[in-house]
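Trainee: For reference, the file model-v4.cif (mmCIF, N, CA and C atoms) is included below:
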```cif
data_target
loop_
_atom_site.label_atom_id
_atom_site.label_comp_id
_atom_site.auth_asym_id
_atom_site.auth_seq_id
_atom_site.Cartn_x
_atom_site.Cartn_y
_atom_site.Cartn_z
N MET A 1 0.84 -1.18 0.00
CA MET A 1 0.00 0.00 0.00
C MET A 1 0.88 1.24 0.00
N THR A 2 0.39 2.25 -0.64
CA THR A 2 1.11 3.51 -0.71
C THR A 2 0.09 4.65 -0.75
N ALA A 3 0.52 5.81 -0.30
CA ALA A 3 -0.33 6.99 -0.38
C ALA A 3 -0.12 7.73 -1.70
N ASP A 4 0.90 7.34 -2.47
CA ASP A 4 1.22 8.03 -3.73
C ASP A 4 1.62 6.98 -4.78
N LEU A 5 0.64 6.45 -5.47
CA LEU A 5 0.88 5.37 -6.42
C LEU A 5 1.81 5.79 -7.55
N ASP A 6 1.68 7.00 -8.06
CA ASP A 6 2.52 7.45 -9.17
C ASP A 6 4.00 7.49 -8.76
N ARG A 7 4.29 8.01 -7.57
CA ARG A 7 5.66 8.05 -7.06
C ARG A 7 6.20 6.63 -6.88
N TYR A 8 5.38 5.75 -6.32
CA TYR A 8 5.76 4.36 -6.07
C TYR A 8 6.11 3.66 -7.39
N LEU A 9 5.25 3.83 -8.40
CA LEU A 9 5.48 3.19 -9.69
C LEU A 9 6.76 3.72 -10.36
N ALA A 10 6.98 5.02 -10.29
CA ALA A 10 8.18 5.61 -10.89
C ALA A 10 9.44 5.02 -10.26
N PHE A 11 9.44 4.84 -8.94
CA PHE A 11 10.59 4.27 -8.23
C PHE A 11 10.90 2.87 -8.76
N TYR A 12 9.90 2.00 -8.81
CA TYR A 12 10.14 0.62 -9.25
C TYR A 12 10.47 0.53 -10.74
N GLU A 13 9.93 1.42 -11.55
CA GLU A 13 10.30 1.46 -12.97
C GLU A 13 11.75 1.91 -13.12
N ASP A 14 12.15 2.97 -12.42
CA ASP A 14 13.50 3.52 -12.55
C ASP A 14 14.57 2.59 -11.98
N ILE A 15 14.32 2.00 -10.83
CA ILE A 15 15.34 1.18 -10.16
C ILE A 15 15.39 -0.23 -10.72
N PHE A 16 14.25 -0.85 -10.94
CA PHE A 16 14.21 -2.27 -11.32
C PHE A 16 13.80 -2.51 -12.77
N GLY A 17 13.43 -1.47 -13.50
CA GLY A 17 12.94 -1.68 -14.86
C GLY A 17 11.59 -2.36 -14.88
N ALA A 18 10.82 -2.20 -13.80
CA ALA A 18 9.51 -2.83 -13.69
C ALA A 18 8.57 -2.29 -14.76
N GLU A 19 7.59 -3.10 -15.11
CA GLU A 19 6.61 -2.73 -16.12
C GLU A 19 5.22 -2.69 -15.49
N VAL A 20 4.54 -1.57 -15.62
CA VAL A 20 3.18 -1.46 -15.12
C VAL A 20 2.27 -2.17 -16.12
N LEU A 21 1.61 -3.23 -15.65
CA LEU A 21 0.74 -4.02 -16.52
C LEU A 21 -0.68 -3.47 -16.57
N ALA A 22 -1.14 -2.93 -15.44
CA ALA A 22 -2.51 -2.41 -15.39
C ALA A 22 -2.64 -1.42 -14.25
N ILE A 23 -3.47 -0.42 -14.46
CA ILE A 23 -3.87 0.50 -13.39
C ILE A 23 -5.39 0.54 -13.39
N THR A 24 -5.96 0.33 -12.21
CA THR A 24 -7.41 0.35 -12.05
C THR A 24 -7.77 1.54 -11.18
N ASP A 25 -8.69 2.36 -11.66
CA ASP A 25 -9.14 3.49 -10.87
C ASP A 25 -9.93 3.01 -9.66
N ALA A 26 -9.97 3.84 -8.63
CA ALA A 26 -10.76 3.54 -7.44
C ALA A 26 -12.23 3.43 -7.84
N GLN A 27 -12.90 2.42 -7.27
CA GLN A 27 -14.33 2.22 -7.52
C GLN A 27 -14.98 1.75 -6.23
N GLY A 28 -15.90 2.51 -5.73
CA GLY A 28 -16.58 2.14 -4.49
C GLY A 28 -15.58 2.04 -3.35
N ASP A 29 -15.54 0.88 -2.68
CA ASP A 29 -14.60 0.72 -1.56
C ASP A 29 -13.28 0.11 -1.99
N HIS A 30 -13.07 -0.10 -3.30
CA HIS A 30 -11.80 -0.65 -3.80
C HIS A 30 -10.90 0.50 -4.23
N PRO A 31 -9.69 0.60 -3.64
CA PRO A 31 -8.81 1.73 -3.95
C PRO A 31 -8.18 1.61 -5.35
N ARG A 32 -7.61 2.70 -5.79
CA ARG A 32 -6.82 2.70 -7.03
C ARG A 32 -5.73 1.65 -6.87
N MET A 33 -5.44 0.92 -7.94
CA MET A 33 -4.52 -0.21 -7.83
C MET A 33 -3.69 -0.34 -9.10
N ALA A 34 -2.45 -0.82 -8.95
CA ALA A 34 -1.61 -1.12 -10.11
C ALA A 34 -1.06 -2.53 -9.96
N VAL A 35 -0.90 -3.19 -11.10
CA VAL A 35 -0.21 -4.48 -11.16
C VAL A 35 1.12 -4.20 -11.85
N VAL A 36 2.21 -4.56 -11.18
CA VAL A 36 3.55 -4.22 -11.65
C VAL A 36 4.35 -5.50 -11.87
N HIS A 37 4.78 -5.73 -13.11
CA HIS A 37 5.60 -6.90 -13.43
C HIS A 37 7.05 -6.59 -13.06
N MET A 38 7.63 -7.43 -12.19
CA MET A 38 8.98 -7.20 -11.70
C MET A 38 10.02 -8.03 -12.46
N GLY A 39 9.59 -8.79 -13.44
CA GLY A 39 10.50 -9.67 -14.17
C GLY A 39 10.29 -11.10 -13.72
N GLY A 40 10.67 -12.04 -14.56
CA GLY A 40 10.48 -13.44 -14.22
C GLY A 40 9.02 -13.71 -13.93
N SER A 41 8.78 -14.34 -12.79
CA SER A 41 7.40 -14.63 -12.41
C SER A 41 6.92 -13.73 -11.27
N GLY A 42 7.64 -12.64 -11.01
CA GLY A 42 7.29 -11.76 -9.90
C GLY A 42 6.45 -10.57 -10.31
N ALA A 43 5.46 -10.27 -9.48
CA ALA A 43 4.61 -9.10 -9.71
C ALA A 43 4.19 -8.52 -8.37
N LEU A 44 3.91 -7.24 -8.36
CA LEU A 44 3.39 -6.55 -7.18
C LEU A 44 1.99 -6.06 -7.50
N ASN A 45 1.09 -6.20 -6.57
CA ASN A 45 -0.22 -5.55 -6.62
C ASN A 45 -0.16 -4.45 -5.58
N VAL A 46 -0.26 -3.21 -6.04
CA VAL A 46 -0.05 -2.06 -5.17
C VAL A 46 -1.33 -1.24 -5.09
N PHE A 47 -1.76 -0.94 -3.88
CA PHE A 47 -2.99 -0.18 -3.65
C PHE A 47 -2.65 1.21 -3.16
N GLU A 48 -3.35 2.23 -3.69
CA GLU A 48 -3.19 3.60 -3.23
C GLU A 48 -4.29 3.90 -2.22
N VAL A 49 -3.88 4.21 -1.00
CA VAL A 49 -4.82 4.48 0.09
C VAL A 49 -4.37 5.73 0.82
N PRO A 50 -5.25 6.37 1.57
CA PRO A 50 -4.83 7.53 2.36
C PRO A 50 -3.73 7.13 3.36
N ALA A 51 -2.75 8.00 3.53
CA ALA A 51 -1.62 7.70 4.40
C ALA A 51 -2.06 7.29 5.80
N GLU A 52 -3.11 7.93 6.31
CA GLU A 52 -3.55 7.63 7.67
C GLU A 52 -4.18 6.25 7.81
N SER A 53 -4.51 5.61 6.68
CA SER A 53 -5.10 4.27 6.77
C SER A 53 -4.05 3.16 6.73
N ILE A 54 -2.78 3.51 6.48
CA ILE A 54 -1.71 2.52 6.48
C ILE A 54 -1.26 2.33 7.92
N ILE A 55 -1.54 1.15 8.45
CA ILE A 55 -1.25 0.90 9.87
C ILE A 55 0.15 0.34 10.03
N GLY A 56 0.68 0.49 11.21
CA GLY A 56 2.00 -0.04 11.52
C GLY A 56 3.09 0.99 11.26
N ASP A 57 4.30 0.62 11.64
CA ASP A 57 5.47 1.48 11.47
C ASP A 57 6.41 0.76 10.51
N ARG A 58 6.48 1.23 9.28
CA ARG A 58 7.29 0.56 8.26
C ARG A 58 8.78 0.60 8.56
N THR A 59 9.19 1.47 9.48
CA THR A 59 10.61 1.58 9.78
C THR A 59 11.05 0.65 10.91
N GLN A 60 10.13 -0.02 11.58
CA GLN A 60 10.45 -0.84 12.75
C GLN A 60 10.16 -2.31 12.50
N MET A 61 11.19 -3.16 12.63
CA MET A 61 10.96 -4.60 12.54
C MET A 61 9.99 -5.00 13.64
N GLY A 62 9.01 -5.81 13.30
CA GLY A 62 7.98 -6.21 14.25
C GLY A 62 6.79 -5.27 14.26
N GLY A 63 6.94 -4.09 13.68
CA GLY A 63 5.85 -3.14 13.63
C GLY A 63 5.26 -3.00 12.24
N ARG A 64 5.71 -3.83 11.33
CA ARG A 64 5.34 -3.71 9.92
C ARG A 64 4.14 -4.55 9.52
N GLY A 65 3.52 -5.21 10.46
CA GLY A 65 2.39 -6.06 10.11
C GLY A 65 2.81 -7.50 9.98
N PRO A 66 1.94 -8.35 9.44
CA PRO A 66 2.22 -9.78 9.41
C PRO A 66 3.36 -10.19 8.47
N ILE A 67 3.69 -9.35 7.50
CA ILE A 67 4.85 -9.62 6.63
C ILE A 67 5.85 -8.50 6.87
N ASP A 68 7.03 -8.87 7.39
CA ASP A 68 8.03 -7.86 7.73
C ASP A 68 8.59 -7.20 6.48
N HIS A 69 9.05 -7.98 5.54
CA HIS A 69 9.54 -7.44 4.27
C HIS A 69 9.61 -8.58 3.25
N PHE A 70 9.87 -8.23 2.01
CA PHE A 70 10.05 -9.25 0.98
C PHE A 70 11.32 -8.93 0.21
N ALA A 71 11.81 -9.93 -0.51
CA ALA A 71 13.00 -9.75 -1.33
C ALA A 71 12.63 -9.87 -2.80
N ILE A 72 13.30 -9.09 -3.62
CA ILE A 72 13.14 -9.16 -5.07
C ILE A 72 14.38 -9.89 -5.58
N ALA A 73 14.18 -11.03 -6.22
CA ALA A 73 15.29 -11.85 -6.70
C ALA A 73 15.83 -11.31 -8.02
N VAL A 74 17.16 -11.35 -8.15
CA VAL A 74 17.81 -11.01 -9.42
C VAL A 74 18.64 -12.21 -9.87
N GLU A 75 18.98 -12.22 -11.15
CA GLU A 75 19.58 -13.40 -11.75
C GLU A 75 21.10 -13.50 -11.65
N SER A 76 21.77 -12.44 -11.19
CA SER A 76 23.24 -12.49 -11.14
C SER A 76 23.78 -11.51 -10.10
N GLU A 77 25.02 -11.75 -9.70
CA GLU A 77 25.68 -10.82 -8.78
C GLU A 77 25.88 -9.47 -9.46
N GLU A 78 26.14 -9.47 -10.74
CA GLU A 78 26.32 -8.22 -11.48
C GLU A 78 25.02 -7.40 -11.47
N LYS A 79 23.88 -8.07 -11.65
CA LYS A 79 22.59 -7.37 -11.62
C LYS A 79 22.33 -6.80 -10.22
N LEU A 80 22.69 -7.57 -9.18
CA LEU A 80 22.54 -7.09 -7.81
C LEU A 80 23.35 -5.81 -7.61
N GLU A 81 24.59 -5.80 -8.08
CA GLU A 81 25.45 -4.62 -7.93
C GLU A 81 24.92 -3.44 -8.74
N GLU A 82 24.38 -3.71 -9.93
CA GLU A 82 23.80 -2.65 -10.77
C GLU A 82 22.61 -1.99 -10.07
N ILE A 83 21.73 -2.81 -9.51
CA ILE A 83 20.56 -2.26 -8.80
C ILE A 83 21.00 -1.57 -7.52
N ARG A 84 21.98 -2.15 -6.82
CA ARG A 84 22.52 -1.49 -5.61
C ARG A 84 23.00 -0.09 -5.95
N ASP A 85 23.73 0.07 -7.05
CA ASP A 85 24.26 1.37 -7.43
C ASP A 85 23.13 2.37 -7.71
N ARG A 86 22.05 1.91 -8.34
CA ARG A 86 20.90 2.80 -8.60
C ARG A 86 20.23 3.19 -7.29
N LEU A 87 20.11 2.23 -6.36
CA LEU A 87 19.50 2.53 -5.06
C LEU A 87 20.34 3.55 -4.29
N VAL A 88 21.65 3.38 -4.31
CA VAL A 88 22.54 4.33 -3.63
C VAL A 88 22.41 5.72 -4.26
N ALA A 89 22.34 5.77 -5.58
CA ALA A 89 22.26 7.06 -6.29
C ALA A 89 21.03 7.87 -5.91
N VAL A 90 19.93 7.19 -5.56
CA VAL A 90 18.71 7.92 -5.18
C VAL A 90 18.55 8.00 -3.66
N GLY A 91 19.57 7.56 -2.91
CA GLY A 91 19.52 7.64 -1.45
C GLY A 91 18.64 6.61 -0.78
N ALA A 92 18.32 5.51 -1.48
CA ALA A 92 17.44 4.49 -0.92
C ALA A 92 18.18 3.39 -0.18
N SER A 93 19.52 3.35 -0.31
CA SER A 93 20.32 2.30 0.33
C SER A 93 21.71 2.84 0.64
N PRO A 94 22.31 2.37 1.76
CA PRO A 94 23.70 2.74 2.03
C PRO A 94 24.67 1.97 1.12
N GLY A 95 24.21 0.91 0.46
CA GLY A 95 25.03 0.20 -0.50
C GLY A 95 25.73 -1.05 -0.01
N GLU A 96 25.55 -1.38 1.25
CA GLU A 96 26.20 -2.59 1.78
C GLU A 96 25.57 -3.83 1.17
N ILE A 97 26.41 -4.80 0.85
CA ILE A 97 25.92 -6.10 0.41
C ILE A 97 26.13 -7.07 1.55
N THR A 98 25.06 -7.74 1.98
CA THR A 98 25.12 -8.70 3.08
C THR A 98 25.17 -10.10 2.49
N ARG A 99 26.10 -10.90 3.00
CA ARG A 99 26.22 -12.29 2.59
C ARG A 99 25.60 -13.16 3.68
N PHE A 100 24.58 -13.92 3.30
CA PHE A 100 23.95 -14.88 4.20
C PHE A 100 24.43 -16.26 3.80
N GLY A 101 25.40 -16.79 4.54
CA GLY A 101 25.96 -18.08 4.17
C GLY A 101 26.74 -17.96 2.86
N PRO A 102 27.05 -19.08 2.26
CA PRO A 102 27.91 -19.03 1.07
C PRO A 102 27.17 -18.64 -0.21
N ALA A 103 25.85 -18.73 -0.26
CA ALA A 103 25.16 -18.63 -1.54
C ALA A 103 24.25 -17.42 -1.73
N LEU A 104 23.92 -16.69 -0.67
CA LEU A 104 22.92 -15.63 -0.79
C LEU A 104 23.54 -14.27 -0.50
N LEU A 105 23.37 -13.34 -1.46
CA LEU A 105 23.81 -11.96 -1.29
C LEU A 105 22.58 -11.07 -1.32
N SER A 106 22.54 -10.07 -0.42
CA SER A 106 21.38 -9.18 -0.33
C SER A 106 21.79 -7.73 -0.16
N VAL A 107 20.97 -6.86 -0.72
CA VAL A 107 21.08 -5.41 -0.52
C VAL A 107 19.74 -4.97 0.05
N PHE A 108 19.78 -4.28 1.18
CA PHE A 108 18.55 -3.77 1.79
C PHE A 108 18.36 -2.32 1.37
N PHE A 109 17.10 -1.93 1.22
CA PHE A 109 16.79 -0.56 0.81
C PHE A 109 15.44 -0.14 1.37
N ARG A 110 15.16 1.14 1.29
CA ARG A 110 13.86 1.69 1.67
C ARG A 110 13.18 2.21 0.43
N ASP A 111 11.91 1.83 0.26
CA ASP A 111 11.15 2.33 -0.88
C ASP A 111 10.68 3.75 -0.59
N PRO A 112 9.99 4.40 -1.53
CA PRO A 112 9.59 5.80 -1.31
C PRO A 112 8.68 6.01 -0.10
N ASP A 113 8.01 4.95 0.38
CA ASP A 113 7.16 5.07 1.56
C ASP A 113 7.87 4.68 2.85
N GLY A 114 9.17 4.36 2.76
CA GLY A 114 9.94 4.03 3.94
C GLY A 114 9.96 2.56 4.31
N ALA A 115 9.31 1.71 3.52
CA ALA A 115 9.33 0.27 3.81
C ALA A 115 10.71 -0.30 3.53
N GLU A 116 11.21 -1.13 4.45
CA GLU A 116 12.49 -1.79 4.21
C GLU A 116 12.25 -3.04 3.38
N LEU A 117 12.98 -3.14 2.28
CA LEU A 117 12.87 -4.27 1.37
C LEU A 117 14.28 -4.76 1.04
N GLU A 118 14.36 -5.77 0.20
CA GLU A 118 15.63 -6.43 -0.06
C GLU A 118 15.70 -6.86 -1.53
N VAL A 119 16.89 -6.76 -2.09
CA VAL A 119 17.19 -7.33 -3.40
C VAL A 119 18.15 -8.46 -3.14
N ALA A 120 17.90 -9.64 -3.69
CA ALA A 120 18.71 -10.81 -3.35
C ALA A 120 19.14 -11.59 -4.59
N TYR A 121 20.36 -12.13 -4.51
CA TYR A 121 20.88 -13.03 -5.53
C TYR A 121 21.28 -14.33 -4.85
N LEU A 122 20.73 -15.43 -5.34
CA LEU A 122 21.06 -16.76 -4.83
C LEU A 122 21.92 -17.46 -5.86
N ASN A 123 23.17 -17.74 -5.48
CA ASN A 123 24.07 -18.48 -6.35
C ASN A 123 23.84 -19.97 -6.09
N ALA A 124 23.07 -20.60 -6.95
CA ALA A 124 22.67 -22.00 -6.75
C ALA A 124 23.87 -22.94 -6.71
N ASP A 125 24.97 -22.57 -7.37
CA ASP A 125 26.16 -23.43 -7.37
C ASP A 125 26.83 -23.50 -6.00
N LEU A 126 26.58 -22.50 -5.15
CA LEU A 126 27.21 -22.45 -3.83
C LEU A 126 26.27 -22.85 -2.70
N ARG A 127 25.05 -23.23 -3.03
CA ARG A 127 24.07 -23.61 -2.01
C ARG A 127 24.52 -24.83 -1.24
N THR A 128 24.31 -24.78 0.07
CA THR A 128 24.59 -25.96 0.89
C THR A 128 23.32 -26.79 0.99
N PRO A 129 23.46 -28.11 1.19
CA PRO A 129 22.27 -28.96 1.23
C PRO A 129 21.32 -28.63 2.38
N ASP A 130 21.85 -28.18 3.51
CA ASP A 130 21.00 -27.86 4.65
C ASP A 130 21.58 -26.64 5.35
N ALA A 131 20.95 -25.50 5.16
CA ALA A 131 21.45 -24.25 5.72
C ALA A 131 21.53 -24.28 7.24
N ARG A 132 20.76 -25.14 7.89
CA ARG A 132 20.80 -25.20 9.36
C ARG A 132 22.14 -25.73 9.87
N THR A 133 22.88 -26.44 9.02
CA THR A 133 24.17 -26.97 9.44
C THR A 133 25.33 -26.11 8.96
N ASP A 134 25.04 -25.07 8.17
CA ASP A 134 26.08 -24.18 7.67
C ASP A 134 26.42 -23.17 8.77
N GLU A 135 27.67 -23.10 9.13
CA GLU A 135 28.08 -22.21 10.22
C GLU A 135 28.48 -20.83 9.74
N SER A 136 28.28 -20.52 8.47
CA SER A 136 28.62 -19.19 7.95
C SER A 136 27.69 -18.15 8.55
N ALA A 137 28.26 -17.07 9.03
CA ALA A 137 27.45 -15.99 9.59
C ALA A 137 27.17 -14.97 8.50
N ALA A 138 26.11 -14.21 8.68
CA ALA A 138 25.82 -13.12 7.76
C ALA A 138 26.90 -12.06 7.92
N THR A 139 27.43 -11.59 6.83
CA THR A 139 28.46 -10.55 6.86
C THR A 139 28.09 -9.46 5.87
N ARG A 140 28.48 -8.23 6.19
CA ARG A 140 28.22 -7.11 5.29
C ARG A 140 29.53 -6.71 4.64
N SER A 141 29.42 -6.26 3.39
CA SER A 141 30.62 -5.84 2.67
C SER A 141 30.26 -4.80 1.64
N ASP A 142 31.26 -4.33 0.95
CA ASP A 142 31.06 -3.39 -0.15
C ASP A 142 31.28 -4.09 -1.48
N VAL A 143 31.10 -5.38 -1.56
CA VAL A 143 31.37 -6.21 -2.72
C VAL A 143 31.44 -5.38 -3.98
#
```
The structure in this file should be written as structure tokens.

Mentor:
Amino acid sequence: MTADLDRYLAFYEDIFGAEVLAITDAQGDHPRMAVVHMGGSGALNVFEVPAESIIGDRTQMGGRGPIDHFAIAVESEEKLEEIRDRLVAVGASPGEITRFGPALLSVFFRDPDGAELEVAYLNADLRTPDARTDESAATRSDV
């Protein structure tokens, strides 16, 4: 949900190359909505609602509602770095890349409404069979 659908769509188009598939005007009790193709099989359904109707604190873990955040998957480490650079350029991320175990790299960012989200690359060649037995700690770097 967002209070400014046009700003939200511009951010995802500029940073991720997302494609707006449909925009539906508000009708009755259904708010204005957009369907945004994020690439691959990923899509976002985004609703425009008054700011005061968005409950929770998007800046606080545990205060964000039943889903804390989601990750947008990319196909390569190079793509992750490319998107990281765009996020840094608009002030949406400090640019750190976090390594979770041997196979997962993530960049955290804030969208235009302040929600913390993540861009992630999973290197399938480095995946361990059972992450619960992998003793690698999450580390941050400037990869």

Trainee: Quick check on the file I pasted: which residues fall under the PyMOL selection byres ((chain A and resi 32-43) around 6.5)? Write them as an MDAnalysis selection string.

Mentor: chainID A and resid 17:27 30:31 44:49

Trainee: Which value, in Å to one decimal, gives the distance between atom C of Phe70 in chain A and atom N of Leu5 in chain A?

Mentor: 19.6 Å

Trainee: Go ahead and compute the interatomic distance for CA of Leu122 in chain A and atom C of Tyr12 in chain A, in Å to one decimal.

Mentor: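 About the pair CA of Leu122 in chain A and atom C of Tyr12 in chain A: they are 21.1 Å apart.
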